[in-house]
file upload.cif (mmCIF, C-alpha atoms)
data_data
loop_
_atom_site.label_atom_id
_atom_site.label_comp_id
_atom_site.auth_asym_id
_atom_site.auth_seq_id
_atom_site.Cartn_x
_atom_site.Cartn_y
_atom_site.Cartn_z
CA MET S 855 131.26 6.69 129.12
CA ALA S 856 129.27 9.84 129.68
CA PRO S 857 128.91 10.98 133.27
CA VAL S 858 125.60 9.97 134.80
CA LYS S 859 123.88 10.15 138.16
CA ALA S 860 124.14 6.45 138.86
CA THR S 861 121.40 4.41 140.46
CA PRO S 862 122.55 1.34 142.47
CA MET S 863 121.84 -0.83 139.43
CA MET S 864 123.86 1.43 137.15
CA GLN S 865 126.68 1.56 139.71
CA GLN S 866 126.75 -2.23 139.61
CA TYR S 867 126.79 -2.21 135.81
CA LEU S 868 129.62 0.33 135.62
CA SER S 869 131.66 -1.58 138.20
CA ILE S 870 131.39 -4.80 136.20
CA LYS S 871 131.98 -3.08 132.86
CA GLU S 872 135.18 -1.53 134.23
CA ARG S 873 136.61 -5.03 134.64
CA TYR S 874 135.78 -6.01 131.06
CA PRO S 875 136.52 -2.84 129.06
CA ASP S 876 137.27 -4.51 125.72
CA THR S 877 134.04 -6.53 125.58
CA LEU S 878 130.39 -5.85 124.90
CA LEU S 879 128.72 -6.50 128.26
CA PHE S 880 125.45 -8.45 128.17
CA TYR S 881 123.86 -7.42 131.48
CA ARG S 882 120.96 -9.66 132.55
CA MET S 883 117.79 -7.87 133.56
CA GLY S 884 114.82 -10.20 133.86
CA ASP S 885 114.16 -11.86 130.50
CA PHE S 886 116.61 -9.67 128.61
CA TYR S 887 120.32 -8.96 128.30
CA GLU S 888 120.70 -5.19 128.26
CA MET S 889 123.60 -3.08 126.96
CA PHE S 890 124.31 0.54 127.84
CA PHE S 891 126.38 3.52 126.67
CA GLU S 892 128.87 2.79 123.85
CA ASP S 893 128.12 -0.94 124.03
CA ALA S 894 124.48 -0.23 123.21
CA GLN S 895 125.40 2.04 120.32
CA VAL S 896 127.73 -0.56 118.80
CA ALA S 897 125.39 -3.52 119.37
CA SER S 898 122.32 -1.75 118.00
CA ARG S 899 124.23 -0.94 114.82
CA VAL S 900 125.73 -4.41 114.31
CA LEU S 901 122.62 -6.35 115.35
CA GLU S 902 120.20 -3.91 113.69
CA ILE S 903 118.07 -3.58 116.83
CA THR S 904 116.41 -0.52 118.31
CA LEU S 905 118.55 1.89 120.30
CA THR S 906 116.61 3.56 123.08
CA SER S 907 117.62 5.16 126.38
CA ARG S 908 117.10 5.16 130.11
CA ASN S 909 116.01 8.48 131.62
CA LYS S 910 115.13 9.65 128.10
CA ASN S 911 113.53 12.81 129.47
CA ASN S 912 116.66 13.64 131.42
CA ASP S 913 119.76 15.50 130.25
CA ALA S 914 121.79 12.46 131.36
CA ALA S 915 119.91 9.96 129.17
CA VAL S 916 121.76 6.63 128.88
CA PRO S 917 121.78 4.85 125.49
CA MET S 918 120.55 1.28 125.82
CA CYS S 919 119.38 -1.72 123.83
CA GLY S 920 118.53 -5.31 124.67
CA VAL S 921 118.08 -8.83 123.34
CA PRO S 922 115.87 -11.62 124.72
CA TYR S 923 117.65 -13.95 127.10
CA ARG S 924 116.40 -17.09 125.34
CA ALA S 925 117.51 -15.83 121.92
CA ALA S 926 120.87 -14.45 123.03
CA GLN S 927 122.96 -17.18 121.37
CA GLY S 928 122.08 -15.98 117.89
CA TYR S 929 122.88 -12.36 118.70
CA ILE S 930 126.19 -13.35 120.29
CA ALA S 931 127.08 -15.34 117.16
CA ARG S 932 126.54 -12.24 115.00
CA LEU S 933 128.73 -10.11 117.25
CA ILE S 934 131.46 -12.76 117.27
CA GLU S 935 131.27 -13.00 113.49
CA ASN S 936 131.98 -9.26 113.38
CA GLY S 937 135.06 -9.60 115.58
CA PHE S 938 133.64 -8.48 118.93
CA LYS S 939 134.08 -10.08 122.36
CA VAL S 940 131.07 -10.58 124.61
CA ALA S 941 131.00 -10.75 128.42
CA ILE S 942 127.85 -12.45 129.70
CA CYS S 943 126.76 -11.04 133.06
CA ASP S 944 124.05 -13.11 134.74
CA GLN S 945 122.04 -12.89 137.93
CA VAL S 946 123.75 -15.24 140.38
CA GLU S 947 121.06 -15.27 143.05
CA ASP S 948 117.31 -15.70 143.07
CA PRO S 949 115.75 -12.24 142.57
CA LYS S 950 112.91 -13.24 144.89
CA ALA S 951 115.36 -14.00 147.70
CA ALA S 952 117.63 -11.01 147.10
CA LYS S 953 117.76 -8.27 149.67
CA GLY S 954 118.05 -5.13 147.60
CA LEU S 955 119.97 -5.26 144.32
CA VAL S 956 120.28 -8.70 142.72
CA LYS S 957 123.89 -9.91 142.66
CA ARG S 958 125.33 -10.22 139.16
CA GLU S 959 128.63 -11.56 137.86
CA VAL S 960 130.26 -12.23 134.51
CA VAL S 961 129.84 -15.97 134.10
CA ARG S 962 131.47 -16.27 130.71
CA VAL S 963 133.53 -14.30 128.20
CA VAL S 964 133.05 -15.30 124.57
CA THR S 965 135.84 -14.36 122.16
CA PRO S 966 135.98 -15.26 118.46
CA GLY S 967 138.92 -17.62 118.99
CA MET S 968 137.59 -19.50 122.00
CA ILE S 969 134.06 -20.56 121.05
CA VAL S 970 133.33 -24.27 120.76
CA GLU S 971 129.53 -24.58 120.47
CA ASP S 972 128.42 -25.78 117.04
CA GLU S 973 125.82 -23.02 116.75
CA LEU S 974 128.53 -20.37 117.17
CA LEU S 975 131.00 -21.99 114.77
CA ASP S 976 130.77 -21.71 111.00
CA ALA S 977 130.68 -25.36 109.93
CA LYS S 978 131.66 -24.43 106.36
CA THR S 979 135.00 -22.84 107.26
CA ASN S 980 138.00 -23.28 109.55
CA ASN S 981 137.86 -21.32 112.80
CA PHE S 982 141.36 -20.14 113.65
CA ILE S 983 142.87 -18.41 116.64
CA LEU S 984 146.33 -17.01 115.83
CA ALA S 985 149.18 -15.84 118.04
CA VAL S 986 152.09 -13.74 116.80
CA SER S 987 155.36 -13.11 118.64
CA ARG S 988 158.74 -11.51 118.14
CA HIS S 989 162.08 -13.01 119.15
CA GLN S 990 165.21 -11.11 118.16
CA LYS S 991 164.99 -10.67 114.35
CA ASN S 992 162.31 -13.27 113.73
CA MET S 993 158.52 -13.17 113.97
CA GLY S 994 156.65 -16.25 115.13
CA LEU S 995 153.14 -17.28 114.21
CA ALA S 996 150.99 -20.07 115.63
CA SER S 997 147.49 -21.07 114.58
CA LEU S 998 144.91 -23.29 116.26
CA ASP S 999 141.80 -24.39 114.40
CA ILE S 1000 139.24 -24.73 117.17
CA SER S 1001 136.98 -26.77 114.88
CA THR S 1002 139.48 -29.53 114.11
CA GLY S 1003 142.26 -29.19 116.69
CA THR S 1004 144.93 -28.55 114.02
CA PHE S 1005 147.79 -26.60 115.64
CA ARG S 1006 150.54 -25.12 113.44
CA LEU S 1007 153.55 -22.96 114.17
CA THR S 1008 155.99 -21.18 111.91
CA GLU S 1009 158.35 -18.20 111.86
CA SER S 1010 159.96 -15.77 109.44
CA GLY S 1011 162.43 -12.91 109.41
CA ASP S 1012 160.05 -11.01 107.14
CA ALA S 1013 157.19 -9.27 108.99
CA SER S 1014 155.28 -8.83 105.71
CA ALA S 1015 155.27 -12.61 105.26
CA ILE S 1016 153.68 -12.95 108.70
CA ILE S 1017 151.07 -10.34 107.78
CA ASP S 1018 150.31 -12.14 104.52
CA GLU S 1019 149.84 -15.41 106.42
CA ILE S 1020 147.56 -13.77 109.00
CA LEU S 1021 145.38 -12.37 106.21
CA ARG S 1022 145.42 -15.66 104.32
CA VAL S 1023 144.29 -17.63 107.38
CA ALA S 1024 141.70 -14.95 108.31
CA PRO S 1025 141.50 -15.82 112.02
CA ARG S 1026 138.60 -15.20 114.33
CA GLU S 1027 141.03 -13.83 116.93
CA LEU S 1028 144.66 -12.69 116.93
CA LEU S 1029 146.78 -12.76 120.10
CA ILE S 1030 149.59 -10.21 120.07
CA PRO S 1031 152.21 -9.06 122.63
CA SER S 1032 151.79 -5.64 124.21
CA GLY S 1033 153.31 -2.87 122.10
CA LEU S 1034 153.45 -4.80 118.83
CA GLU S 1035 149.87 -3.82 118.01
CA LYS S 1036 151.06 -0.20 117.73
CA GLU S 1037 153.88 -0.95 115.29
CA GLU S 1038 153.57 -1.21 111.54
CA PRO S 1039 152.69 -3.34 109.71
CA PHE S 1040 150.67 -4.82 112.59
CA ALA S 1041 148.94 -1.56 113.58
CA ALA S 1042 147.07 -1.57 110.27
CA LEU S 1043 145.36 -4.86 111.20
CA ALA S 1044 143.07 -3.06 113.65
CA ASN S 1045 141.15 -1.49 110.76
CA HIS S 1046 141.29 -4.41 108.36
CA PRO S 1047 137.94 -5.35 106.76
CA LEU S 1048 138.33 -9.02 107.80
CA HIS S 1049 136.90 -8.01 111.22
CA PHE S 1050 138.91 -10.34 113.46
CA ALA S 1051 139.33 -9.59 117.15
CA ILE S 1052 142.77 -8.52 118.38
CA THR S 1053 143.67 -9.40 121.96
CA VAL S 1054 146.77 -7.76 123.45
CA LEU S 1055 148.56 -9.90 126.04
CA ASP S 1056 151.44 -9.23 128.40
CA ASP S 1057 154.91 -9.97 127.03
CA ALA S 1058 155.38 -12.63 129.71
CA VAL S 1059 152.76 -14.78 127.99
CA PHE S 1060 155.18 -15.13 125.04
CA ASP S 1061 158.18 -16.17 127.16
CA LEU S 1062 160.26 -18.81 125.36
CA SER S 1063 161.01 -21.10 128.31
CA ALA S 1064 157.45 -21.07 129.63
CA GLY S 1065 155.99 -21.46 126.15
CA ARG S 1066 158.20 -24.42 125.32
CA GLN S 1067 157.20 -26.12 128.58
CA ARG S 1068 153.51 -25.56 127.83
CA LEU S 1069 153.94 -27.30 124.48
CA LEU S 1070 155.83 -30.19 126.06
CA ASP S 1071 153.04 -30.59 128.60
CA GLN S 1072 150.32 -30.16 125.99
CA PHE S 1073 151.70 -32.90 123.75
CA ASP S 1074 153.03 -35.09 126.57
CA THR S 1075 156.58 -35.23 125.19
CA LEU S 1076 160.13 -34.56 126.35
CA SER S 1077 161.25 -32.80 123.16
CA LEU S 1078 159.78 -30.86 120.25
CA GLU S 1079 162.27 -32.37 117.81
CA GLY S 1080 159.75 -34.95 116.66
CA PHE S 1081 157.46 -32.14 115.59
CA GLY S 1082 160.24 -30.45 113.61
CA CYS S 1083 160.08 -27.20 115.55
CA GLU S 1084 162.76 -27.41 118.26
CA GLY S 1085 164.76 -24.68 116.51
CA LEU S 1086 161.84 -22.41 115.64
CA VAL S 1087 162.29 -20.16 118.67
CA ALA S 1088 159.96 -17.33 117.64
CA GLY S 1089 157.36 -19.88 116.56
CA ILE S 1090 157.55 -21.62 119.93
CA CYS S 1091 156.98 -18.28 121.69
CA ALA S 1092 153.81 -17.76 119.66
CA ALA S 1093 152.65 -21.36 120.03
CA GLY S 1094 153.25 -21.22 123.78
CA ALA S 1095 150.91 -18.25 124.03
CA GLY S 1096 148.28 -20.14 122.04
CA ALA S 1097 148.69 -23.19 124.26
CA LEU S 1098 148.28 -21.05 127.37
CA ARG S 1099 145.15 -19.49 125.91
CA GLN S 1100 143.74 -22.95 125.26
CA ARG S 1101 144.54 -24.40 128.68
CA ASN S 1102 144.03 -21.30 130.82
CA PRO S 1103 142.15 -18.60 128.87
CA THR S 1104 140.80 -15.32 130.15
CA PRO S 1105 138.73 -15.80 133.30
CA LYS S 1106 135.46 -17.65 132.72
CA THR S 1107 136.16 -18.19 129.03
CA ARG S 1108 135.46 -21.66 127.70
CA THR S 1109 138.29 -23.59 126.08
CA PRO S 1110 138.27 -25.77 122.97
CA ALA S 1111 137.52 -29.38 123.86
CA ARG S 1112 139.50 -30.87 120.97
CA HIS S 1113 143.06 -32.06 121.57
CA PRO S 1114 145.32 -30.34 119.03
CA ASN S 1115 147.72 -31.94 116.55
CA LEU S 1116 150.95 -29.99 116.02
CA PHE S 1117 152.50 -29.20 112.63
CA SER S 1118 155.46 -26.89 111.97
CA GLY S 1119 157.65 -25.40 109.28
CA ARG S 1120 159.47 -22.22 108.37
CA LEU S 1121 157.46 -19.60 106.52
CA SER S 1122 158.81 -18.08 103.32
CA HIS S 1123 157.37 -14.95 101.71
CA GLY S 1124 154.67 -15.80 99.22
CA GLY S 1125 154.37 -19.37 100.53
#

call {"tool": "encode", "arguments": {"input": "upload.cif", "output": "structure tokens"}}
result
Amino acid sequence: MAPVKATPMMQQYLSIKERYPDTLLFYRMGDFYEMFFEDAQVASRVLEITLTSRNKNNDAAVPMCGVPYRAAQGYIARLIENGFKVAICDQVEDPKAAKGLVKREVVRVVTPGMIVEDELLDAKTNNFILAVSRHQKNMGLASLDISTGTFRLTESGDASAIIDEILRVAPRELLIPSGLEKEEPFAALANHPLHFAITVLDDAVFDLSAGRQRLLDQFDTLSLEGFGCEGLVAGICAAGAGALRQRNPTPKTRTPARHPNLFSGRLSHGG
């Protein structure tokens, strides 16, 4: 962000934005959600709304744009459809009772893979969140359809087969362990025209033991043998990350309400 002589309101905005750097921050001001700096430039382009500025007669003019509070759902849906994440920052106290600056907090983070409202889901298509992992020589892949609750896991020793499956499924969001997003062939996904969001998570999220236990808890079972995936170690690592995301997602992000059904199998290239 460009340096700016910050007013108390802008100091508040920058402080909140710092905690949600990979989202577009919808900052509530009266009857509008406002966006500033790079967020405003991106949102105005994607949403095709007017880009203006604060302090427009000043050398430190701040790009800004806004959408009406009561119509925000439709604008959020368009951003999600284009692979962006949105942090919704609301006023959390009555402006009339506030002493000085109104207190604001992020009350919800909307990511393409975690939405559940019908108006934000495309009823004509599946709505997948995918997780990919690496364990020794194998790559694991897990998918959760947040529309139907279908949960699948697979693995392959061929990274290109995993890439092909990711592109075939065309997820709304891809969860990936830290570092893997910089390696080929996965690095190329960041600029793929499918426009899905990529969320980088700590390696610990893909831990085998913890992931297996999450699946056991999720499906209320003592073994994964009945699901045919007890030996799919890389797949379990990926599925465990997806299960964690569903049960305990990023702070203030809503989770899918549908209980998933688990399917598994080994992935072969071209199939």

call {"tool": "closest_residue", "arguments": {"input": "upload.cif", "among": "S:Arg1006, S:His1049, S:Arg1026, S:Lys957", "to": "Ala1093 (chain S)", "atoms": "only C-alpha atoms"}}
result
S:Arg1006

call {"tool": "resolve_selection", "arguments": {"input": "upload.cif", "expression": "the PyMOL selection byres ((chain S and resi 933-942) around 8)", "output": "list of chain:residue names"}}
result
S:Tyr874, S:Asp876, S:Thr877, S:Leu878, S:Leu879, S:Phe880, S:Tyr881, S:Arg882, S:Ala897, S:Val900, S:Leu901, S:Tyr929, S:Ile930, S:Ala931, S:Arg932, S:Cys943, S:Asp944, S:Val960, S:Val961, S:Arg962, S:Val963, S:Val964, S:Thr965, S:Pro966, S:Arg1026, S:Glu1027, S:His1049, S:Phe1050, S:Ala1051

call {"tool": "atom_distance", "arguments": {"input": "upload.cif", "atom1": "CA of Ser1001 (chain S)", "atom2": "CA of Tyr923 (chain S)"}}
result
26.2 Å

call {"tool": "atom_distance", "arguments": {"input": "upload.cif", "atom1": "CA of Val1023 (chain S)", "atom2": "CA of Ala996 (chain S)"}}
result
10.9 Å

call {"tool": "atom_distance", "arguments": {"input": "upload.cif", "atom1": "CA of Thr1053 (chain S)", "atom2": "CA of Phe890 (chain S)"}}
result
22.5 Å

call {"tool": "residues_around", "arguments": {"input": "upload.cif", "residues": "Leu984 (chain S)", "least_positions_apart": "3", "cutoff": "8 Å", "atoms": "all atoms listed in the file", "output": "JSON, numbers by chain"}}
result
{"S": [995, 996, 997, 998, 1020, 1025, 1027, 1028, 1029, 1096]}

call {"tool": "write_last_selection", "arguments": {"input": "upload.cif", "atoms": "C-alpha atoms", "output": "PDB file, in the frame of the given file"}}
result
ATOM      1  CA  LEU S 995     153.140 -17.280 114.210  1.00  0.00           C
ATOM      2  CA  ALA S 996     150.990 -20.070 115.630  1.00  0.00           C
ATOM      3  CA  SER S 997     147.490 -21.070 114.580  1.00  0.00           C
ATOM      4  CA  LEU S 998     144.910 -23.290 116.260  1.00  0.00           C
ATOM      5  CA  ILE S1020     147.560 -13.770 109.000  1.00  0.00           C
ATOM      6  CA  PRO S1025     141.500 -15.820 112.020  1.00  0.00           C
ATOM      7  CA  GLU S1027     141.030 -13.830 116.930  1.00  0.00           C
ATOM      8  CA  LEU S1028     144.660 -12.690 116.930  1.00  0.00           C
ATOM      9  CA  LEU S1029     146.780 -12.760 120.100  1.00  0.00           C
ATOM     10  CA  GLY S1096     148.280 -20.140 122.040  1.00  0.00           C
TER      11      GLY S1096
END

call {"tool": "resolve_selection", "arguments": {"input": "upload.cif", "expression": "the PyMOL selection byres ((chain S and resi 1009) around 10)", "output": "ChimeraX atom specification"}}
result
/S:986-989,992-996,1007-1008,1010-1013,1015-1016,1083,1086-1092,1118-1122

call {"tool": "closest_residue", "arguments": {"input": "upload.cif", "among": "S:Ala1041, S:Val946, S:Ala860, S:Met889", "to": "Val1054 (chain S)", "atoms": "all atoms listed in the file"}}
result
S:Ala1041

call {"tool": "residues_around", "arguments": {"input": "upload.cif", "residues": "Phe1040 (chain S)", "least_positions_apart": "3", "cutoff": "10 Å", "atoms": "all atoms listed in the file", "output": "ChimeraX atom specification"}}
result
/S:986,1013-1014,1016-1017,1030,1034-1037,1043-1044

call {"tool": "residues_around", "arguments": {"input": "upload.cif", "residues": "Arg908 (chain S)", "least_positions_apart": "5", "cutoff": "8 Å", "atoms": "only C-alpha atoms", "output": "ChimeraX atom specification"}}
result
/S:915-918

call {"tool": "closest_residue", "arguments": {"input": "upload.cif", "among": "S:His1046, S:Met864, S:Tyr887, S:Leu1076", "to": "Ala925 (chain S)", "atoms": "all atoms listed in the file"}}
result
S:Tyr887

call {"tool": "resolve_selection", "arguments": {"input": "upload.cif", "expression": "the PyMOL selection byres ((chain S and resi 1094) around 8)", "output": "MDAnalysis selection string"}}
result
chainID S and resid 1059:1062 1064:1069 1090:1093 1095:1098

call {"tool": "closest_residue", "arguments": {"input": "upload.cif", "among": "S:Pro1031, S:Phe1005, S:Asp1057, S:Asn1045", "to": "Gln1072 (chain S)", "atoms": "only C-alpha atoms"}}
result
S:Phe1005

call {"tool": "closest_residue", "arguments": {"input": "upload.cif", "among": "S:Ala914, S:Gly920, S:Arg958, S:Gly1082", "to": "Ser898 (chain S)", "atoms": "only C-alpha atoms"}}
result
S:Gly920
